[in-house]
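Q: mmCIF, C-alpha atoms and all ligand atoms, saved as query_34.cif, coming up:
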data_input
loop_
_atom_site.label_atom_id
_atom_site.label_comp_id
_atom_site.auth_asym_id
_atom_site.auth_seq_id
_atom_site.Cartn_x
_atom_site.Cartn_y
_atom_site.Cartn_z
CA MET A 169 115.01 86.28 -201.50
CA MET A 170 115.26 84.21 -204.65
CA ALA A 171 114.09 81.04 -202.89
CA MET A 172 111.22 83.00 -201.46
CA ALA A 173 110.28 84.22 -204.89
CA VAL A 174 110.05 80.67 -206.21
CA GLY A 175 108.05 79.72 -203.15
CA GLU A 176 105.66 82.57 -203.79
CA LEU A 177 105.30 81.40 -207.36
CA GLY A 178 104.24 78.01 -206.08
CA LEU A 179 101.62 79.57 -203.83
CA GLY A 180 100.48 81.77 -206.66
CA LEU A 181 100.02 78.75 -208.85
CA LYS A 182 97.75 77.02 -206.37
CA GLY A 183 95.61 80.05 -205.96
CA SER A 184 95.64 81.30 -209.53
CA ALA A 185 92.55 81.26 -211.67
CA ALA A 186 92.59 79.20 -214.85
CA PRO A 187 92.47 81.13 -218.09
CA VAL A 188 89.05 81.51 -219.64
CA VAL A 189 88.92 78.97 -222.41
CA GLY A 190 85.73 77.14 -221.65
CA ALA A 191 83.88 75.63 -218.80
CA GLY A 192 83.34 72.28 -217.09
CA ARG A 193 85.34 69.43 -218.51
CA GLU A 194 87.85 71.68 -220.20
CA LYS A 195 89.03 72.76 -216.81
CA SER A 196 91.18 69.67 -216.62
CA VAL A 197 92.88 70.82 -219.79
CA ILE A 198 93.90 74.13 -218.46
CA GLN A 199 94.75 73.37 -214.90
CA ASN A 200 98.28 74.52 -215.65
CA GLY A 201 96.92 78.03 -216.05
CA PRO A 202 99.04 81.13 -215.84
CA SER A 203 101.41 81.09 -212.97
CA ARG A 204 101.55 84.29 -211.03
CA ALA A 205 104.75 86.15 -210.59
CA PRO A 206 104.99 87.62 -207.11
CA THR A 207 103.22 90.94 -206.94
CA SER A 208 105.95 92.37 -204.77
CA ALA A 209 108.54 92.24 -207.50
CA HIS A 210 107.39 93.50 -210.84
CA PHE A 211 109.44 92.83 -213.90
CA TRP A 212 109.22 96.40 -215.14
CA SER A 213 110.03 98.01 -211.85
CA ARG A 214 112.98 95.63 -211.74
CA ILE A 215 114.06 96.94 -215.11
CA SER A 216 113.91 100.46 -213.81
CA GLN A 217 115.85 99.49 -210.73
CA LYS A 218 118.46 97.26 -212.29
CA VAL A 219 119.24 99.36 -215.28
CA ASP A 220 118.32 102.91 -214.43
CA LEU A 221 120.39 103.13 -211.31
CA ARG A 222 123.44 102.60 -213.46
CA SER A 223 122.47 104.77 -216.39
CA SER A 224 119.53 106.85 -217.43
CA ASN A 225 117.66 104.57 -219.79
CA VAL A 226 114.50 104.18 -221.74
CA PHE A 227 112.71 102.41 -218.92
CA GLY A 228 113.79 105.02 -216.48
CA ARG A 229 112.24 107.65 -218.67
CA ILE A 230 109.08 105.65 -219.12
CA LEU A 231 108.61 104.16 -215.70
CA GLY A 232 110.23 106.62 -213.39
CA PHE A 233 113.06 105.67 -211.11
CA GLY A 234 112.69 102.75 -208.80
CA VAL A 235 108.92 102.45 -208.96
CA GLU A 236 107.98 99.75 -206.44
CA ALA A 237 111.55 98.55 -206.46
CA PRO A 238 112.82 97.20 -203.16
CA SER A 239 115.61 99.10 -201.52
CA THR A 240 117.98 96.15 -201.41
CA SER A 241 118.66 93.46 -203.91
CA THR A 242 120.43 90.13 -204.08
CA SER A 243 120.73 90.39 -207.81
CA SER A 244 122.94 87.81 -209.41
CA PHE A 245 123.76 90.41 -212.01
CA SER A 246 125.49 93.44 -210.74
CA VAL A 247 128.07 94.43 -213.32
CA ARG A 248 128.74 98.13 -213.03
CA ALA A 249 129.47 100.44 -215.89
CA SER A 250 132.82 101.15 -214.27
CA SER A 251 133.97 97.50 -214.41
CA VAL A 252 135.09 97.70 -217.99
CA ALA A 253 135.70 94.31 -219.58
CA PRO A 254 138.89 93.96 -221.61
CA GLU A 255 137.02 93.16 -224.85
CA LYS A 256 134.78 96.15 -224.50
CA SER A 257 135.90 97.78 -227.70
CA LYS A 258 135.73 94.60 -229.81
CA SER A 259 132.64 94.75 -232.00
CA ARG A 260 130.31 91.77 -231.88
CA PRO A 261 128.85 89.99 -234.92
CA GLY A 262 125.60 91.64 -235.90
CA GLU A 263 126.23 94.63 -233.63
CA LYS A 264 125.81 97.22 -236.35
CA LYS A 265 122.28 96.03 -237.13
CA GLY A 266 121.16 96.21 -233.52
CA PHE A 267 121.18 93.94 -230.51
CA VAL A 268 118.56 91.51 -231.83
CA GLU A 269 120.95 90.65 -234.63
CA GLU A 270 123.61 89.90 -232.02
CA MET A 271 121.21 87.61 -230.19
CA ARG A 272 120.23 85.93 -233.44
CA PHE A 273 123.86 85.35 -234.38
CA VAL A 274 124.61 83.63 -231.07
CA ALA A 275 121.41 81.57 -231.28
CA MET A 276 122.01 80.39 -234.83
CA LYS A 277 125.47 79.11 -233.92
CA LEU A 278 123.96 77.04 -231.13
CA HIS A 279 121.79 75.08 -233.52
CA THR A 280 122.98 71.67 -234.57
CA ARG A 281 123.94 71.32 -238.23
CA ASP A 282 120.82 69.31 -238.96
CA GLN A 283 118.61 72.01 -237.44
CA SER A 284 119.90 74.91 -239.49
CA LYS A 285 122.61 75.51 -242.05
CA GLU A 286 123.90 78.27 -239.79
CA GLY A 287 124.23 75.79 -236.92
CA GLU A 288 127.71 74.94 -235.63
CA LYS A 289 126.93 72.16 -233.16
CA GLU A 290 127.40 68.51 -234.02
CA ALA A 291 124.37 66.99 -235.68
CA ASP A 292 122.02 65.39 -233.21
CA VAL A 293 122.12 61.60 -232.80
CA GLN A 294 118.46 61.77 -233.69
CA PRO A 295 118.14 64.61 -236.23
CA VAL A 296 114.84 66.40 -236.30
CA GLY A 297 114.06 64.97 -239.75
CA GLN A 298 114.03 61.49 -238.21
CA TRP A 299 111.89 62.28 -235.19
CA LYS A 300 109.09 59.82 -234.54
CA PRO A 301 106.62 61.86 -232.52
CA SER A 302 103.84 60.33 -230.49
CA ILE A 303 100.57 62.01 -229.55
CA PRO A 304 101.14 61.64 -225.78
CA GLY A 305 104.67 63.02 -226.22
CA TYR A 306 103.43 65.92 -228.31
CA ILE A 307 100.74 66.73 -225.74
CA LYS A 308 103.42 66.77 -223.03
CA PHE A 309 105.40 69.21 -225.16
CA LEU A 310 102.34 71.45 -225.59
CA VAL A 311 101.50 71.33 -221.86
CA ASP A 312 105.06 72.23 -220.81
CA SER A 313 105.26 74.90 -223.50
CA LYS A 314 102.04 76.37 -222.14
CA LYS A 315 103.53 76.45 -218.67
CA VAL A 316 106.44 78.51 -220.05
CA TYR A 317 104.26 80.88 -222.11
CA ASP A 318 101.79 81.30 -219.22
CA THR A 319 104.65 82.34 -217.00
CA MET A 320 106.32 84.59 -219.55
CA GLU A 321 103.06 86.31 -220.37
CA THR A 322 102.06 86.74 -216.73
CA ILE A 323 105.41 88.32 -215.91
CA VAL A 324 105.05 90.82 -218.72
CA GLU A 325 101.37 91.44 -218.05
CA LYS A 326 102.00 92.17 -214.40
CA ALA A 327 104.21 95.08 -215.26
CA SER A 328 103.39 97.91 -212.94
CA HIS A 329 103.27 100.72 -215.44
CA PRO A 330 100.75 100.97 -218.30
CA SER A 331 103.24 102.66 -220.64
CA SER A 332 105.22 99.43 -220.82
CA ASP A 333 102.37 98.10 -222.98
CA GLU A 334 104.12 99.50 -225.96
CA TYR A 335 107.10 97.28 -225.26
CA PHE A 336 106.42 93.60 -224.69
CA ARG A 337 102.76 93.43 -223.76
CA ASN A 338 100.14 92.60 -226.34
CA THR A 339 102.73 91.96 -228.98
CA GLY A 340 100.53 89.51 -230.84
CA LEU A 341 103.20 86.84 -230.28
CA GLU A 342 101.51 85.53 -227.09
CA ARG A 343 100.90 81.79 -227.22
CA SER A 344 99.20 80.88 -223.96
CA ALA A 345 95.54 81.24 -224.98
CA ARG A 346 96.14 79.43 -228.25
CA LEU A 347 97.83 76.54 -226.50
CA ALA A 348 94.83 76.31 -224.17
CA LYS A 349 92.59 75.92 -227.22
CA ASP A 350 94.82 73.22 -228.69
CA LEU A 351 94.79 71.27 -225.45
CA GLU A 352 91.01 71.57 -225.32
CA TRP A 353 90.89 70.09 -228.79
CA PHE A 354 93.12 67.16 -227.81
CA ALA A 355 90.90 66.55 -224.77
CA SER A 356 87.80 66.62 -226.98
CA GLN A 357 89.45 63.86 -229.02
CA GLY A 358 89.66 61.70 -225.90
CA HIS A 359 93.31 62.32 -225.06
CA GLU A 360 94.42 62.70 -221.48
CA ILE A 361 95.99 66.05 -220.68
CA PRO A 362 98.66 65.76 -217.99
CA GLU A 363 99.86 68.37 -215.52
CA ALA A 364 102.96 70.31 -216.52
CA GLY A 365 106.06 68.17 -216.09
CA PRO A 366 109.44 68.97 -214.52
CA ASP A 367 110.92 70.45 -217.70
CA GLY A 368 108.18 73.06 -218.02
CA ILE A 369 108.04 73.79 -214.30
CA THR A 370 111.81 74.18 -213.97
CA TYR A 371 111.98 76.55 -216.91
CA ALA A 372 108.98 78.56 -215.70
CA ASN A 373 110.56 78.95 -212.26
CA LEU A 374 113.81 80.09 -213.81
CA LEU A 375 111.98 82.74 -215.86
CA THR A 376 110.23 84.07 -212.78
CA GLU A 377 113.52 84.24 -210.91
CA LEU A 378 115.30 86.01 -213.75
CA SER A 379 112.49 88.53 -214.20
CA GLU A 380 113.13 89.56 -210.59
CA SER A 381 116.88 89.40 -210.44
CA ASP A 382 118.44 89.54 -213.88
CA VAL A 383 116.56 91.43 -216.55
CA PRO A 384 119.13 91.10 -219.39
CA ALA A 385 119.06 87.31 -218.95
CA PHE A 386 115.26 87.36 -218.86
CA ILE A 387 115.18 89.36 -222.09
CA CYS A 388 117.40 86.73 -223.73
CA HIS A 389 114.85 84.05 -222.88
CA PHE A 390 112.01 86.29 -224.01
CA TYR A 391 113.65 86.72 -227.42
CA ASN A 392 114.53 83.06 -227.87
CA VAL A 393 111.22 81.65 -226.68
CA TYR A 394 109.13 83.73 -229.09
CA PHE A 395 111.48 83.90 -232.05
CA ALA A 396 112.50 80.24 -231.99
CA HIS A 397 108.86 79.24 -232.07
CA SER A 398 108.25 81.43 -235.08
CA ALA A 399 111.14 79.79 -236.94
CA GLY A 400 112.19 76.22 -236.12
CA GLY A 401 109.12 75.75 -233.94
CA ARG A 402 106.80 76.20 -236.89
CA PHE A 403 108.86 73.84 -239.00
CA ILE A 404 108.66 71.17 -236.30
CA GLY A 405 104.92 71.77 -235.87
CA LYS A 406 104.31 71.21 -239.56
CA GLN A 407 106.34 68.04 -239.56
CA VAL A 408 104.56 66.63 -236.50
CA ALA A 409 101.15 67.56 -237.92
CA GLN A 410 101.88 65.61 -241.09
CA GLN A 411 103.13 62.60 -239.16
CA ILE A 412 100.49 62.24 -236.45
CA LEU A 413 97.68 64.79 -236.88
CA ASP A 414 96.58 64.30 -240.50
CA GLY A 415 98.09 67.68 -241.28
CA ARG A 416 95.89 69.58 -238.79
CA GLU A 417 97.37 73.00 -238.10
CA LEU A 418 97.20 73.79 -234.41
CA GLU A 419 96.40 77.23 -232.98
CA PHE A 420 99.91 77.30 -231.53
CA TYR A 421 101.18 77.91 -235.06
CA LYS A 422 98.74 80.67 -235.99
CA TRP A 423 99.05 84.39 -235.40
CA ASP A 424 96.63 87.24 -235.92
CA GLY A 425 98.14 89.44 -238.57
CA GLU A 426 101.40 89.17 -240.44
CA LEU A 427 103.92 87.30 -238.31
CA SER A 428 106.91 89.10 -239.83
CA GLU A 429 105.36 92.44 -238.84
CA LEU A 430 104.68 91.29 -235.29
CA LEU A 431 108.25 90.06 -234.96
CA GLY A 432 109.55 93.25 -236.53
CA ALA A 433 107.76 95.42 -233.97
CA VAL A 434 109.14 93.37 -231.07
CA LYS A 435 112.62 93.54 -232.58
CA VAL A 436 112.44 97.33 -232.60
CA ASN A 437 111.55 97.37 -228.90
CA LEU A 438 114.16 94.79 -227.95
CA ASN A 439 116.75 96.91 -229.74
CA LYS A 440 115.55 100.02 -227.93
CA VAL A 441 115.85 98.36 -224.54
CA ALA A 442 119.32 97.00 -225.24
CA GLU A 443 120.55 100.33 -226.60
CA GLU A 444 120.52 101.55 -223.02
CA TRP A 445 122.52 98.61 -221.69
CA THR A 446 126.21 98.56 -221.00
CA ARG A 447 128.36 96.22 -223.09
CA GLU A 448 128.62 93.98 -220.04
CA GLN A 449 124.87 93.72 -219.77
CA LYS A 450 124.62 92.90 -223.46
CA ASP A 451 127.28 90.21 -223.23
CA HIS A 452 125.61 88.79 -220.16
CA CYS A 453 122.33 88.60 -222.10
CA LEU A 454 124.05 86.89 -225.05
CA LYS A 455 125.66 84.36 -222.75
CA GLU A 456 122.26 83.31 -221.47
CA THR A 457 121.39 81.98 -224.95
CA GLU A 458 122.95 78.65 -224.07
CA ASN A 459 120.59 78.28 -221.15
CA SER A 460 117.71 79.19 -223.35
CA PHE A 461 118.64 76.34 -225.70
CA LYS A 462 119.15 74.00 -222.79
CA TYR A 463 115.75 74.58 -221.22
CA SER A 464 113.75 74.88 -224.45
CA GLY A 465 115.62 71.92 -225.91
CA LYS A 466 114.44 69.70 -223.05
CA ILE A 467 110.85 70.70 -223.67
CA LEU A 468 111.22 70.09 -227.41
CA ARG A 469 112.51 66.58 -226.76
CA LEU A 470 109.22 65.74 -225.07
CA ILE A 471 107.78 65.46 -228.58
CA VAL A 472 109.66 62.21 -229.04
CA SER A 473 109.08 60.94 -225.51
CA ALA A 474 106.68 58.08 -224.94
C1 LIG B 1 114.89 70.89 -233.44
C2 LIG B 1 115.11 72.10 -233.01
C3 LIG B 1 115.27 73.33 -233.87
C4 LIG B 1 115.22 73.48 -235.22
C5 LIG B 1 114.93 72.44 -236.29
C6 LIG B 1 115.47 74.89 -235.49
C7 LIG B 1 115.51 75.44 -236.74
C8 LIG B 1 115.61 76.77 -237.02
C9 LIG B 1 115.57 77.37 -238.33
C10 LIG B 1 115.43 76.60 -239.64
C11 LIG B 1 115.69 78.71 -238.17
C12 LIG B 1 115.60 79.75 -239.28
C13 LIG B 1 116.93 80.19 -239.76
C14 LIG B 1 116.78 81.32 -240.77
O1 LIG B 1 116.40 82.43 -240.40
O2 LIG B 1 117.04 81.06 -241.92
C15 LIG B 1 115.81 78.95 -236.77
C16 LIG B 1 115.91 80.19 -236.23
C17 LIG B 1 116.03 80.43 -234.90
N1 LIG B 1 116.04 79.51 -233.88
FE1 LIG B 1 115.88 77.53 -234.09
N2 LIG B 1 115.64 75.53 -234.32
C18 LIG B 1 115.52 74.62 -233.32
C19 LIG B 1 115.64 74.85 -231.99
C20 LIG B 1 115.84 76.08 -231.43
C21 LIG B 1 115.95 76.35 -230.02
C22 LIG B 1 115.89 75.28 -228.91
C23 LIG B 1 116.13 77.68 -229.88
C24 LIG B 1 116.29 78.48 -228.64
C25 LIG B 1 115.56 78.31 -227.58
C26 LIG B 1 116.12 78.27 -231.20
C27 LIG B 1 116.27 79.62 -231.47
C28 LIG B 1 116.19 80.17 -232.72
C29 LIG B 1 116.26 81.61 -232.99
C30 LIG B 1 116.38 82.71 -231.97
C31 LIG B 1 116.17 81.76 -234.36
C32 LIG B 1 116.21 83.08 -235.15
C33 LIG B 1 114.81 83.50 -235.49
C34 LIG B 1 114.77 84.74 -236.36
O3 LIG B 1 115.73 85.05 -237.06
O4 LIG B 1 113.74 85.41 -236.33
N3 LIG B 1 115.96 77.27 -232.10
N4 LIG B 1 115.76 77.77 -236.09
#
Go ahead and render the structure in this file as structure tokens.
Ligand code: HEM
A:
Amino acid sequence: MMAMAVGELGLGLKGSAAPVVGAGREKSVIQNGPSRAPTSAHFWSRISQKVDLRSSNVFGRILGFGVEAPSTSTSSFSVRASSVAPEKSKSRPGEKKGFVEEMRFVAMKLHTRDQSKEGEKEADVQPVGQWKPSIPGYIKFLVDSKKVYDTMETIVEKASHPSSDEYFRNTGLERSARLAKDLEWFASQGHEIPEAGPDGITYANLLTELSESDVPAFICHFYNVYFAHSAGGRFIGKQVAQQILDGRELEFYKWDGELSELLGAVKVNLNKVAEEWTREQKDHCLKETENSFKYSGKILRLIVSA
């Protein structure tokens, strides 16, 4: 079932329309347009299936039980409320402030010491302050990032119930259309825009899989992808712009409205969703942070690739 889902994603990609960012020549820029999550397995109906069947939760109330959910599942995540973990009663750092604070705490520890003062990992052999970005490398990073945001945003957009809008759709954090504009600009400057590379494709496929089979893990990636970009991502963008773009600020680093307010609204909804999770589901989500760093880290490193 999972392999089939990835296969369907591939088919969807071939047949999917490019996003509307211009005509003619620009098409080459945006040929990595939004990938299409399989229509048979909607993210939101998966939420209602995966979570609601264990406990009445916010999505159950909003979406109704099992809307479009298949009757069987090969979910890789099937912890039941009854399988109580020994550390269940131990409180987690940040827990009192809400689940987003828990996710943030785990994420900050996974930074290297040169990335953030809260980081606990050994400083990188090539700390970010010493990065020597190249334009082709930076374009690769933008292309692969777009692949990831296209996929993330398509998954959320394809939710089967309109009420889920108030959760993670149209948050104002979406990056796909802005990345398309940036790539158009690079093309207009005579730069070649490649297809998405293996790092972006692998991560995008993982996100599609998780949205179908493991919602808490998917939510972890959702949080890290958008919040990391608003923090370290912006810092890196500024540094790269000064080094190789004469300080030009790309669309990728611009938001409509006050970023802190956009993030705040998403935090509230992430907290609401997680409030309905079991401790096991929360811990499972937190554990996925390492993967989030692994996959996003690979894409970030493209900046310093040739
Ligand atoms: C060179 C790479 C990176 C640098 C320089 C960096 C740097 C930073 C900095 C300075 C902050 C702000 C800390 C604060 O609130 O005071 C931050 C926050 C954060 N970073 Fe990173 N980071 C990097 C990579 C990553 C990666 C790969 C991820 C995960 C995919 C990530 C996830 C986060 C998250 C979730 C936050 C918290 C955002 C918030 O509180 O709203 N970072 N990072």
Q: Which one of A:Asp382, A:Glu417, A:Asp312, A:Glu288 sits closest to Asp350 of chain A if you count all atoms listed in the file?
A: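 Residue with the minimum atom-to-atom distance to Asp350 of chain A: A:Glu417.
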Q: Could the residues of chain A that have an atom at most 10 Å from ligand LIG 1 (chain B) be listed as JSON lines, each with its closest atom pair and the distance in Å to one decimal, counting all atoms listed in the file and ordered by chain and ascending residue number?
A:
{"residue": "A:Val268", "atom": "CA", "partner": "B:LIG1", "partner_atom": "O3", "distance": 8.8}
{"residue": "A:Glu269", "atom": "CA", "partner": "B:LIG1", "partner_atom": "O3", "distance": 8.0}
{"residue": "A:Met271", "atom": "CA", "partner": "B:LIG1", "partner_atom": "C30", "distance": 7.1}
{"residue": "A:Arg272", "atom": "CA", "partner": "B:LIG1", "partner_atom": "C32", "distance": 5.2}
{"residue": "A:Phe273", "atom": "CA", "partner": "B:LIG1", "partner_atom": "C32", "distance": 8.0}
{"residue": "A:Val274", "atom": "CA", "partner": "B:LIG1", "partner_atom": "C30", "distance": 8.3}
{"residue": "A:Ala275", "atom": "CA", "partner": "B:LIG1", "partner_atom": "C30", "distance": 5.2}
{"residue": "A:Met276", "atom": "CA", "partner": "B:LIG1", "partner_atom": "C17", "distance": 6.0}
{"residue": "A:Lys277", "atom": "CA", "partner": "B:LIG1", "partner_atom": "C28", "distance": 9.4}
{"residue": "A:Leu278", "atom": "CA", "partner": "B:LIG1", "partner_atom": "C26", "distance": 7.9}
{"residue": "A:His279", "atom": "CA", "partner": "B:LIG1", "partner_atom": "N2", "distance": 6.2}
{"residue": "A:Thr280", "atom": "CA", "partner": "B:LIG1", "partner_atom": "C3", "distance": 7.9}
{"residue": "A:Arg281", "atom": "CA", "partner": "B:LIG1", "partner_atom": "C5", "distance": 9.3}
{"residue": "A:Asp282", "atom": "CA", "partner": "B:LIG1", "partner_atom": "C5", "distance": 7.2}
{"residue": "A:Gln283", "atom": "CA", "partner": "B:LIG1", "partner_atom": "C5", "distance": 3.9}
{"residue": "A:Ser284", "atom": "CA", "partner": "B:LIG1", "partner_atom": "C10", "distance": 4.8}
{"residue": "A:Lys285", "atom": "CA", "partner": "B:LIG1", "partner_atom": "C10", "distance": 7.7}
{"residue": "A:Glu286", "atom": "CA", "partner": "B:LIG1", "partner_atom": "C13", "distance": 7.2}
{"residue": "A:Gly287", "atom": "CA", "partner": "B:LIG1", "partner_atom": "C8", "distance": 8.7}
{"residue": "A:Asp292", "atom": "CA", "partner": "B:LIG1", "partner_atom": "C1", "distance": 9.0}
{"residue": "A:Gln294", "atom": "CA", "partner": "B:LIG1", "partner_atom": "C1", "distance": 9.8}
{"residue": "A:Pro295", "atom": "CA", "partner": "B:LIG1", "partner_atom": "C1", "distance": 7.6}
{"residue": "A:Val296", "atom": "CA", "partner": "B:LIG1", "partner_atom": "C1", "distance": 5.3}
{"residue": "A:Gly297", "atom": "CA", "partner": "B:LIG1", "partner_atom": "C5", "distance": 8.3}
{"residue": "A:Trp299", "atom": "CA", "partner": "B:LIG1", "partner_atom": "C1", "distance": 9.3}
{"residue": "A:Cys388", "atom": "CA", "partner": "B:LIG1", "partner_atom": "C30", "distance": 9.2}
{"residue": "A:His389", "atom": "CA", "partner": "B:LIG1", "partner_atom": "C25", "distance": 7.5}
{"residue": "A:Phe390", "atom": "CA", "partner": "B:LIG1", "partner_atom": "C25", "distance": 9.4}
{"residue": "A:Tyr391", "atom": "CA", "partner": "B:LIG1", "partner_atom": "C30", "distance": 6.7}
{"residue": "A:Asn392", "atom": "CA", "partner": "B:LIG1", "partner_atom": "C30", "distance": 4.5}
{"residue": "A:Val393", "atom": "CA", "partner": "B:LIG1", "partner_atom": "C25", "distance": 5.5}
{"residue": "A:Tyr394", "atom": "CA", "partner": "B:LIG1", "partner_atom": "C30", "distance": 7.9}
{"residue": "A:Phe395", "atom": "CA", "partner": "B:LIG1", "partner_atom": "C33", "distance": 4.8}
{"residue": "A:Ala396", "atom": "CA", "partner": "B:LIG1", "partner_atom": "C28", "distance": 3.8}
{"residue": "A:His397", "atom": "CA", "partner": "B:LIG1", "partner_atom": "N3", "distance": 7.4}
{"residue": "A:Ser398", "atom": "CA", "partner": "B:LIG1", "partner_atom": "C33", "distance": 6.9}
{"residue": "A:Ala399", "atom": "CA", "partner": "B:LIG1", "partner_atom": "C15", "distance": 4.7}
{"residue": "A:Gly400", "atom": "CA", "partner": "B:LIG1", "partner_atom": "C7", "distance": 3.5}
{"residue": "A:Gly401", "atom": "CA", "partner": "B:LIG1", "partner_atom": "C18", "distance": 6.5}
{"residue": "A:Arg402", "atom": "CA", "partner": "B:LIG1", "partner_atom": "C7", "distance": 8.7}
{"residue": "A:Phe403", "atom": "CA", "partner": "B:LIG1", "partner_atom": "C5", "distance": 6.8}
{"residue": "A:Ile404", "atom": "CA", "partner": "B:LIG1", "partner_atom": "C5", "distance": 6.4}
{"residue": "A:Ser428", "atom": "CA", "partner": "B:LIG1", "partner_atom": "O4", "distance": 8.5}
{"residue": "A:Leu431", "atom": "CA", "partner": "B:LIG1", "partner_atom": "O4", "distance": 7.3}
{"residue": "A:Gly432", "atom": "CA", "partner": "B:LIG1", "partner_atom": "O4", "distance": 8.9}
{"residue": "A:Lys435", "atom": "CA", "partner": "B:LIG1", "partner_atom": "O4", "distance": 9.0}
{"residue": "A:Thr457", "atom": "CA", "partner": "B:LIG1", "partner_atom": "C24", "distance": 7.2}
{"residue": "A:Glu458", "atom": "CA", "partner": "B:LIG1", "partner_atom": "C24", "distance": 8.1}
{"residue": "A:Asn459", "atom": "CA", "partner": "B:LIG1", "partner_atom": "C25", "distance": 8.2}
{"residue": "A:Ser460", "atom": "CA", "partner": "B:LIG1", "partner_atom": "C25", "distance": 4.8}
{"residue": "A:Phe461", "atom": "CA", "partner": "B:LIG1", "partner_atom": "C25", "distance": 4.1}
{"residue": "A:Lys462", "atom": "CA", "partner": "B:LIG1", "partner_atom": "C22", "distance": 7.1}
{"residue": "A:Tyr463", "atom": "CA", "partner": "B:LIG1", "partner_atom": "C25", "distance": 7.4}
{"residue": "A:Ser464", "atom": "CA", "partner": "B:LIG1", "partner_atom": "C22", "distance": 5.0}
{"residue": "A:Gly465", "atom": "CA", "partner": "B:LIG1", "partner_atom": "C22", "distance": 4.5}
{"residue": "A:Lys466", "atom": "CA", "partner": "B:LIG1", "partner_atom": "C22", "distance": 8.2}
{"residue": "A:Ile467", "atom": "CA", "partner": "B:LIG1", "partner_atom": "C22", "distance": 8.6}
{"residue": "A:Leu468", "atom": "CA", "partner": "B:LIG1", "partner_atom": "C1", "distance": 7.1}
{"residue": "A:Arg469", "atom": "CA", "partner": "B:LIG1", "partner_atom": "C1", "distance": 8.3}
Q: Taking a cut-off of 12 Å and counting all atoms listed in the file, can you build a table that, for each residue of segment 255-305 of chain A near segment 442-448 of chain A, reports the nearest atom pair and how far apart they are in Å (one decimal), sorted by chain then residue number, as CSV?
A:
residue,atom,partner,partner_atom,distance
A:Glu255,CA,A:Arg447,CA,9.4
A:Lys256,CA,A:Arg447,CA,6.6
A:Ser257,CA,A:Arg447,CA,9.0
A:Lys258,CA,A:Arg447,CA,10.1
A:Ser259,CA,A:Arg447,CA,10.0
A:Arg260,CA,A:Arg447,CA,10.0
A:Glu263,CA,A:Glu443,CA,10.7
A:Lys264,CA,A:Glu443,CA,11.5
A:Lys265,CA,A:Glu443,CA,11.5
A:Gly266,CA,A:Glu443,CA,8.1
A:Phe267,CA,A:Ala442,CA,6.4
A:Val268,CA,A:Ala442,CA,8.6
A:Glu269,CA,A:Ala442,CA,11.5
A:Glu270,CA,A:Ala442,CA,10.7
A:Met271,CA,A:Ala442,CA,10.8
Q: Which residue is closest to Ala385 of chain A? Choose from A:Thr322, A:Gln449, A:Ser302, A:Ser473 and count all atoms listed in the file.
A: A:Gln449
Q: By how many Å are atom CA of Lys308 of chain A and atom CA of Glu363 of chain A apart?
A: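 Here the two named atoms are 8.5 Å from each other.
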Q: Need the neighbours of (107.7, 95.9, -229.2): which residues are at most 7 Å away, counting all atoms listed in the file, as an MDAnalysis selection string?
A: chainID A and resid 334:336 339 433:438
Q: Could you state the separation of atom CA of Lys314 of chain A and atom CA of Arg346 of chain A in Å, given to one decimal place?
A: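 So the answer is 9.0 Å.
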Q: Between atom CA of Pro301 of chain A and atom CA of Glu342 of chain A, what distance in Å does the model show, to one decimal?
A: 24.8 Å
Q: Given the choices A:Pro366, A:Pro261, A:Gly340, A:Pro304, which gets closest to Leu427 of chain A if the distance is worked out from only C-alpha atoms?
A: A:Gly340
